[in-house]
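K.L.:
Below is the file protein_2.txt, with compact mmCIF, C-alpha atoms.
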```txt
# COMPACT_ATOMS: atom_id res chain seq x y z
CA MET W 1 106.37 112.11 81.93
CA SER W 2 109.74 113.74 81.36
CA ASP W 3 112.53 113.48 83.90
CA ALA W 4 112.23 117.20 84.52
CA THR W 5 108.62 116.59 85.49
CA GLU W 6 109.66 113.79 87.83
CA ALA W 7 112.24 115.98 89.45
CA ASN W 8 109.85 118.83 90.02
CA GLY W 9 106.62 116.96 90.59
CA THR W 10 107.48 115.45 93.98
CA THR W 11 108.55 118.61 95.74
CA GLY W 12 105.31 120.57 95.66
CA GLU W 13 103.19 121.14 98.71
CA ALA W 14 99.59 120.11 99.14
CA GLU W 15 97.23 122.73 97.90
CA VAL W 16 93.68 123.70 98.75
CA ALA W 17 91.95 125.24 95.80
CA ASP W 18 90.83 128.85 95.60
CA PRO W 19 87.18 128.90 94.46
CA GLY W 20 87.84 132.20 92.69
CA ARG W 21 90.04 130.45 90.13
CA ASP W 22 87.09 129.13 88.14
CA THR W 23 86.12 131.63 85.48
CA ALA W 24 84.60 129.33 82.87
CA GLU W 25 81.25 130.25 81.36
CA PRO W 26 78.43 127.69 81.35
CA THR W 27 78.14 125.77 78.09
CA ALA W 28 75.02 124.82 76.19
CA GLU W 29 75.17 121.27 77.55
CA GLY W 30 75.50 122.39 81.16
CA THR W 31 75.89 119.81 83.89
CA ALA W 32 72.25 119.32 84.84
CA GLY W 33 72.95 120.98 88.17
CA ARG W 34 75.38 118.23 89.19
CA ARG W 35 78.34 119.19 91.34
CA VAL W 36 81.17 117.14 92.78
CA ARG W 37 84.12 118.20 94.95
CA VAL W 38 87.39 116.52 93.96
CA VAL W 39 90.96 116.24 95.27
CA LEU W 40 93.81 115.38 92.87
CA VAL W 41 96.60 113.17 94.22
CA ASP W 42 99.56 112.66 91.87
CA ASP W 43 103.29 113.21 92.31
CA HIS W 44 103.67 114.99 88.97
CA ARG W 45 102.76 118.66 89.18
CA MET W 46 102.42 119.05 85.41
CA PHE W 47 99.94 116.17 85.28
CA ARG W 48 97.87 117.65 88.10
CA THR W 49 97.86 120.99 86.30
CA GLY W 50 96.67 119.33 83.10
CA VAL W 51 93.87 117.42 84.84
CA ARG W 52 92.75 120.56 86.67
CA ALA W 53 92.62 122.46 83.37
CA GLU W 54 90.69 119.63 81.70
CA ILE W 55 88.04 118.95 84.33
CA GLY W 56 88.13 121.81 86.83
CA GLN W 57 86.11 124.49 85.03
CA THR W 58 83.20 124.01 87.39
CA ALA W 59 80.57 126.00 85.47
CA ARG W 60 81.17 123.79 82.44
CA THR W 61 81.99 120.41 83.98
CA GLY W 62 80.35 120.44 87.41
CA VAL W 63 83.68 119.40 88.93
CA GLU W 64 85.20 121.58 91.65
CA VAL W 65 88.84 120.79 92.38
CA VAL W 66 89.18 121.64 96.06
CA GLY W 67 92.77 120.50 96.62
CA GLU W 68 95.73 118.52 95.39
CA ALA W 69 98.75 116.72 96.82
CA PRO W 70 101.96 115.05 95.57
CA ASP W 71 102.57 112.39 98.25
CA VAL W 72 100.91 110.23 100.88
CA ASP W 73 101.23 112.50 103.91
CA GLN W 74 100.01 115.60 102.13
CA ALA W 75 97.22 113.66 100.43
CA VAL W 76 95.85 112.43 103.75
CA SER W 77 96.08 115.96 105.17
CA VAL W 78 94.23 117.59 102.26
CA ILE W 79 91.58 114.87 102.05
CA THR W 80 90.93 115.13 105.78
CA SER W 81 90.69 118.92 105.74
CA THR W 82 88.55 119.30 102.60
CA ARG W 83 86.39 116.14 102.80
CA PRO W 84 85.88 115.84 99.01
CA GLU W 85 83.30 113.52 97.53
CA VAL W 86 85.82 111.94 95.14
CA VAL W 87 89.62 111.62 95.21
CA LEU W 88 91.52 110.99 91.97
CA LEU W 89 94.37 108.85 93.26
CA ASP W 90 97.60 107.83 91.55
CA VAL W 91 98.80 104.35 92.47
CA HIS W 92 102.51 105.09 92.89
CA LEU W 93 103.26 107.92 95.31
CA PRO W 94 106.13 108.87 97.59
CA GLY W 95 105.44 107.72 101.12
CA GLY W 96 103.84 104.33 100.53
CA GLY W 97 101.70 104.58 97.41
CA GLY W 98 97.99 104.90 96.81
CA VAL W 99 97.26 101.86 98.98
CA GLU W 100 98.68 103.71 101.99
CA VAL W 101 96.45 106.72 101.30
CA LEU W 102 93.47 104.38 101.22
CA ARG W 103 94.52 102.67 104.44
CA ARG W 104 94.84 105.97 106.26
CA SER W 105 91.53 107.20 104.84
CA ALA W 106 89.51 104.15 105.87
CA ALA W 107 87.41 106.07 108.39
CA LEU W 108 86.51 108.71 105.80
CA MET W 109 85.48 106.06 103.29
CA ALA W 110 83.30 104.39 105.90
CA ASP W 111 81.48 107.59 106.94
CA PRO W 112 77.78 106.76 106.38
CA GLU W 113 76.72 110.38 105.91
CA GLN W 114 79.59 111.88 103.89
CA PRO W 115 81.78 109.12 102.46
CA VAL W 116 84.95 110.02 100.59
CA ARG W 117 85.20 107.81 97.51
CA PHE W 118 88.38 107.06 95.57
CA LEU W 119 88.94 106.63 91.84
CA ALA W 120 92.43 105.43 90.89
CA LEU W 121 93.90 107.30 87.92
CA SER W 122 97.21 105.80 86.87
CA VAL W 123 99.49 105.19 83.91
CA SER W 124 99.86 101.59 85.14
CA ASP W 125 97.56 98.85 83.88
CA ALA W 126 99.30 96.08 85.85
CA ALA W 127 96.96 93.59 87.51
CA GLU W 128 98.70 93.86 90.89
CA ASP W 129 98.18 97.64 90.92
CA VAL W 130 94.51 97.40 90.01
CA ILE W 131 93.76 94.68 92.54
CA GLY W 132 95.78 96.36 95.28
CA VAL W 133 93.84 99.63 95.27
CA ILE W 134 90.46 97.93 94.82
CA ARG W 135 91.17 95.76 97.84
CA GLY W 136 92.18 98.95 99.62
CA GLY W 137 88.73 100.44 99.05
CA ALA W 138 88.89 102.38 95.76
CA ARG W 139 85.63 102.43 93.80
CA GLY W 140 87.28 102.24 90.40
CA TYR W 141 90.43 102.36 88.33
CA VAL W 142 91.02 104.17 85.03
CA THR W 143 94.23 104.73 83.12
CA LYS W 144 95.67 108.08 82.10
CA THR W 145 94.74 107.47 78.47
CA ILE W 146 91.14 108.30 79.41
CA THR W 147 89.55 111.34 77.74
CA GLY W 148 88.52 114.37 79.75
CA SER W 149 84.80 113.80 79.15
CA ASP W 150 85.03 110.15 80.14
CA LEU W 151 86.98 111.07 83.27
CA ILE W 152 84.30 113.57 84.28
CA ASP W 153 81.62 110.91 83.73
CA SER W 154 83.63 108.42 85.79
CA ILE W 155 83.96 110.91 88.65
CA PHE W 156 80.21 111.45 88.81
CA ARG W 157 79.55 107.71 88.65
CA VAL W 158 81.91 107.08 91.55
CA GLN W 159 80.28 109.93 93.48
CA GLU W 160 76.97 108.11 93.04
CA GLY W 161 78.44 104.86 94.36
CA ASP W 162 79.08 103.03 91.09
CA ALA W 163 82.23 101.03 90.36
CA VAL W 164 84.12 102.28 87.30
CA PHE W 165 86.95 100.61 85.37
CA SER W 166 88.71 101.05 82.08
CA PRO W 167 87.39 98.15 79.94
CA ARG W 168 90.55 96.02 79.98
CA LEU W 169 90.98 96.38 83.74
CA ALA W 170 87.55 95.13 84.77
CA GLY W 171 88.64 91.59 83.89
CA PHE W 172 91.51 91.77 86.38
CA VAL W 173 89.12 92.54 89.20
CA LEU W 174 86.60 89.86 88.22
CA ASP W 175 89.36 87.25 87.95
CA ALA W 176 90.95 88.31 91.23
CA PHE W 177 87.83 88.11 93.33
CA ALA W 178 86.75 84.85 91.70
CA SER W 179 90.14 83.26 92.39
CA THR W 180 91.96 82.19 95.51
CA ASP W 181 95.38 82.88 94.00
CA ALA W 182 95.01 86.56 93.08
CA PRO W 183 98.31 88.46 92.96
CA PRO W 184 99.00 90.17 96.30
CA VAL W 185 100.01 93.78 96.75
CA ASP W 186 103.74 93.94 96.03
CA GLU W 187 105.26 96.30 98.58
CA ASP W 188 108.68 96.14 96.89
CA MET W 189 107.26 97.33 93.56
CA ASP W 190 105.33 100.08 95.31
CA ARG W 191 108.64 101.63 96.42
CA LEU W 192 109.52 102.33 92.79
CA THR W 193 108.40 105.32 90.76
CA GLN W 194 106.67 104.69 87.45
CA ARG W 195 109.83 105.60 85.52
CA GLU W 196 111.91 103.24 87.68
CA ARG W 197 109.43 100.45 86.91
CA GLU W 198 109.78 101.16 83.19
CA VAL W 199 113.58 101.01 83.44
CA LEU W 200 113.35 97.84 85.52
CA ARG W 201 111.29 96.03 82.90
CA LEU W 202 113.63 97.05 80.06
CA ILE W 203 116.73 96.03 82.02
CA ALA W 204 115.13 92.67 82.76
CA ARG W 205 114.43 92.22 79.04
CA GLY W 206 118.14 92.62 78.28
CA TYR W 207 118.19 96.16 76.89
CA ALA W 208 121.46 98.08 77.13
CA TYR W 209 121.45 101.46 78.87
CA LYS W 210 121.76 103.29 75.54
CA GLU W 211 118.75 101.39 74.14
CA ILE W 212 116.70 102.17 77.23
CA GLY W 213 117.58 105.83 76.89
CA LYS W 214 116.28 105.85 73.31
CA GLN W 215 113.11 104.00 74.29
CA LEU W 216 112.30 106.41 77.13
CA PHE W 217 113.80 109.58 75.60
CA ILE W 218 116.24 110.06 78.48
CA SER W 219 120.02 110.19 78.73
CA VAL W 220 122.25 107.22 79.51
CA LYS W 221 123.29 108.98 82.71
CA THR W 222 119.65 109.25 83.76
CA VAL W 223 119.14 105.55 83.00
CA GLU W 224 122.13 104.74 85.22
CA SER W 225 120.66 106.87 87.98
CA HIS W 226 117.31 105.07 87.77
CA VAL W 227 118.99 101.65 87.79
CA SER W 228 121.00 102.61 90.88
CA ALA W 229 117.80 103.74 92.61
CA VAL W 230 116.02 100.48 91.71
CA LEU W 231 118.89 98.35 93.00
CA ARG W 232 119.03 100.33 96.23
CA LYS W 233 115.28 100.20 96.87
CA LEU W 234 115.05 96.48 96.10
CA GLN W 235 118.30 95.71 97.95
CA LEU W 236 119.86 94.01 94.92
CA SER W 237 123.52 94.05 93.89
CA ASN W 238 123.52 94.03 90.08
CA ARG W 239 121.40 93.82 86.96
CA HIS W 240 121.59 90.01 86.91
CA GLU W 241 119.92 89.82 90.32
CA LEU W 242 117.45 92.44 89.12
CA THR W 243 116.59 90.32 86.07
CA ARG W 244 115.98 87.25 88.25
CA TRP W 245 113.84 89.33 90.62
CA ALA W 246 111.70 90.68 87.76
CA THR W 247 111.38 87.26 86.09
CA ALA W 248 110.17 85.70 89.34
CA ARG W 249 107.37 88.31 89.42
CA ARG W 250 106.52 87.82 85.74
CA LEU W 251 107.39 91.43 84.92
CA VAL W 252 109.53 90.63 81.89
```
Can you dump the structure from the file as structure tokens?

P.N.:
Amino acid sequence: MSDATEANGTTGEAEVADPGRDTAEPTAEGTAGRRVRVVLVDDHRMFRTGVRAEIGQTARTGVEVVGEAPDVDQAVSVITSTRPEVVLLDVHLPGGGGVEVLRRSAALMADPEQPVRFLALSVSDAAEDVIGVIRGGARGYVTKTITGSDLIDSIFRVQEGDAVFSPRLAGFVLDAFASTDAPPVDEDMDRLTQREREVLRLIARGYAYKEIGKQLFISVKTVESHVSAVLRKLQLSNRHELTRWATARRLV
């Protein structure tokens, strides 16, 4: 995502969808009468808009987007008020991350008559992120490289109670639950945005600010701003401490 997206994506308010928005005509394939009500939770407005456009034409896809939210508090509010069947949940969110949304939605997930099920949809493919949200109660985890048709299929599978994972990520879950030394949820990392995590990894690998800017297509000033935010959130003093911190967590 661009920095402009990051700047704008975290300020939006939670939204409940207007059913009148869907104007798509049914296609030849149809959806076999299947319907699923979905809430989108992601701190980037442009990404939410893109997902809604891709999957939310209900007559064609069977998916009805009933609400969306950019942070933890608004996500819990919208999920509680709309009671969707599936929530598409980003892992890294302002207010505590996807794990906090899951924690505060435990009663809804446990409802025997109308359970709310969660499918993580994230740019991250880090083992600690996958394991954290699965332990929190999510039914699956797919990355944002997924196609629209595969995402729709995954949503319906989760609605039906299946567990769904991008192929590479399934191994993380199997290894974690077969092992006694699975990586724990890292609360420090969860304080960082996805862009801050990207900058963190590049700093720890010894990249100069100018090189990081070229890698991420952002200005040196923006890199400096992200580094300052990372140091503040992790309570570190300089990039040398940051490098040691990242190395200790095998992020380099």

K.L.:
Show me, as a PyMOL selection string, the residues that have an atom within 12 Å of Ala138 in chain W when counting all atoms listed in the file, minus same-chain residues fewer than 2 positions from it.

P.N.:
chain W and resi 86-91+98-103+105-106+109-110+115-121+129-136+140-142+158-159+161-165+173

K.L.:
Given the point (84.6, 115.3, 82.8) in the coordinates of this file, which residues lie within 9 Å, counting all atoms listed in the file, and how would they look as a ChimeraX atom specification?

P.N.:
/W:54-56,61-63,147-156

K.L.:
Taking into account all atoms listed in the file, which residue in the set W:Leu93, W:Leu40, W:Val220, W:Met46 is nearest to Val78 in chain W?

P.N.:
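Ranking W:Leu93, W:Leu40, W:Val220, W:Met46 by distance to Val78 in chain W, first place goes to W:Leu40.
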
K.L.:
I need the residue nearest Leu216 in chain W from this list: W:Val123, W:Ala246, W:Ala59, W:Leu202. Use all atoms listed in the file for the distance.

P.N.:
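Closest to Leu216 in chain W, using all atoms listed in the file: W:Leu202.
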
K.L.:
Specify the axis-aligned box that encloses all atoms of range 47-51 of chain W listed in the file after padding of 3 Å on each side, stating its centre and edge lengths in Å to one decimal as lines of an AutoDock Vina configuration file.

P.N.:
```
center_x = 96.9
center_y = 118.6
center_z = 85.6
size_x = 12.1
size_y = 10.8
size_z = 11.0
```

K.L.:
Write out as number ranges by chain the residues lying within 8 Å of Ala75 in chain W, counting all atoms listed in the file and excluding same-chain residues fewer than 4 positions away.

P.N.:
W: 14, 41, 68-71, 79, 101

K.L.:
How many Å lie between CA of Gln74 in chain W and CA of Arg34 in chain W, rounded to one decimal?

P.N.:
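Going from CA of Gln74 in chain W over to CA of Arg34 in chain W, I get 27.9 Å.
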
K.L.:
Measuring atom to atom with all atoms listed in the file, identify which of W:Arg249, W:Arg60, W:Arg52, W:Asp188 is nearest to Ala127 in chain W.

P.N.:
W:Arg249

K.L.:
What is the distance between CA of Leu192 in chain W and CA of Val230 in chain W, in Å to one decimal?

P.N.:
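CA of Leu192 in chain W sits 6.8 Å away from CA of Val230 in chain W.
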
K.L.:
Go through W:Ser77, W:Thr58, W:Thr193, W:Ser219 one by one, measure the shortest atom-to-atom distance of each to Lys233 in chain W using all atoms listed in the file, and give the residue with the smallest value.

P.N.:
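Closest residue, counting all atoms listed in the file: W:Thr193.
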
K.L.:
To one decimal place in Å, what is the distance between CA of Thr82 in chain W and CA of Gly67 in chain W?

P.N.:
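CA of Gly67 in chain W lies at a distance of 7.4 Å from CA of Thr82 in chain W.
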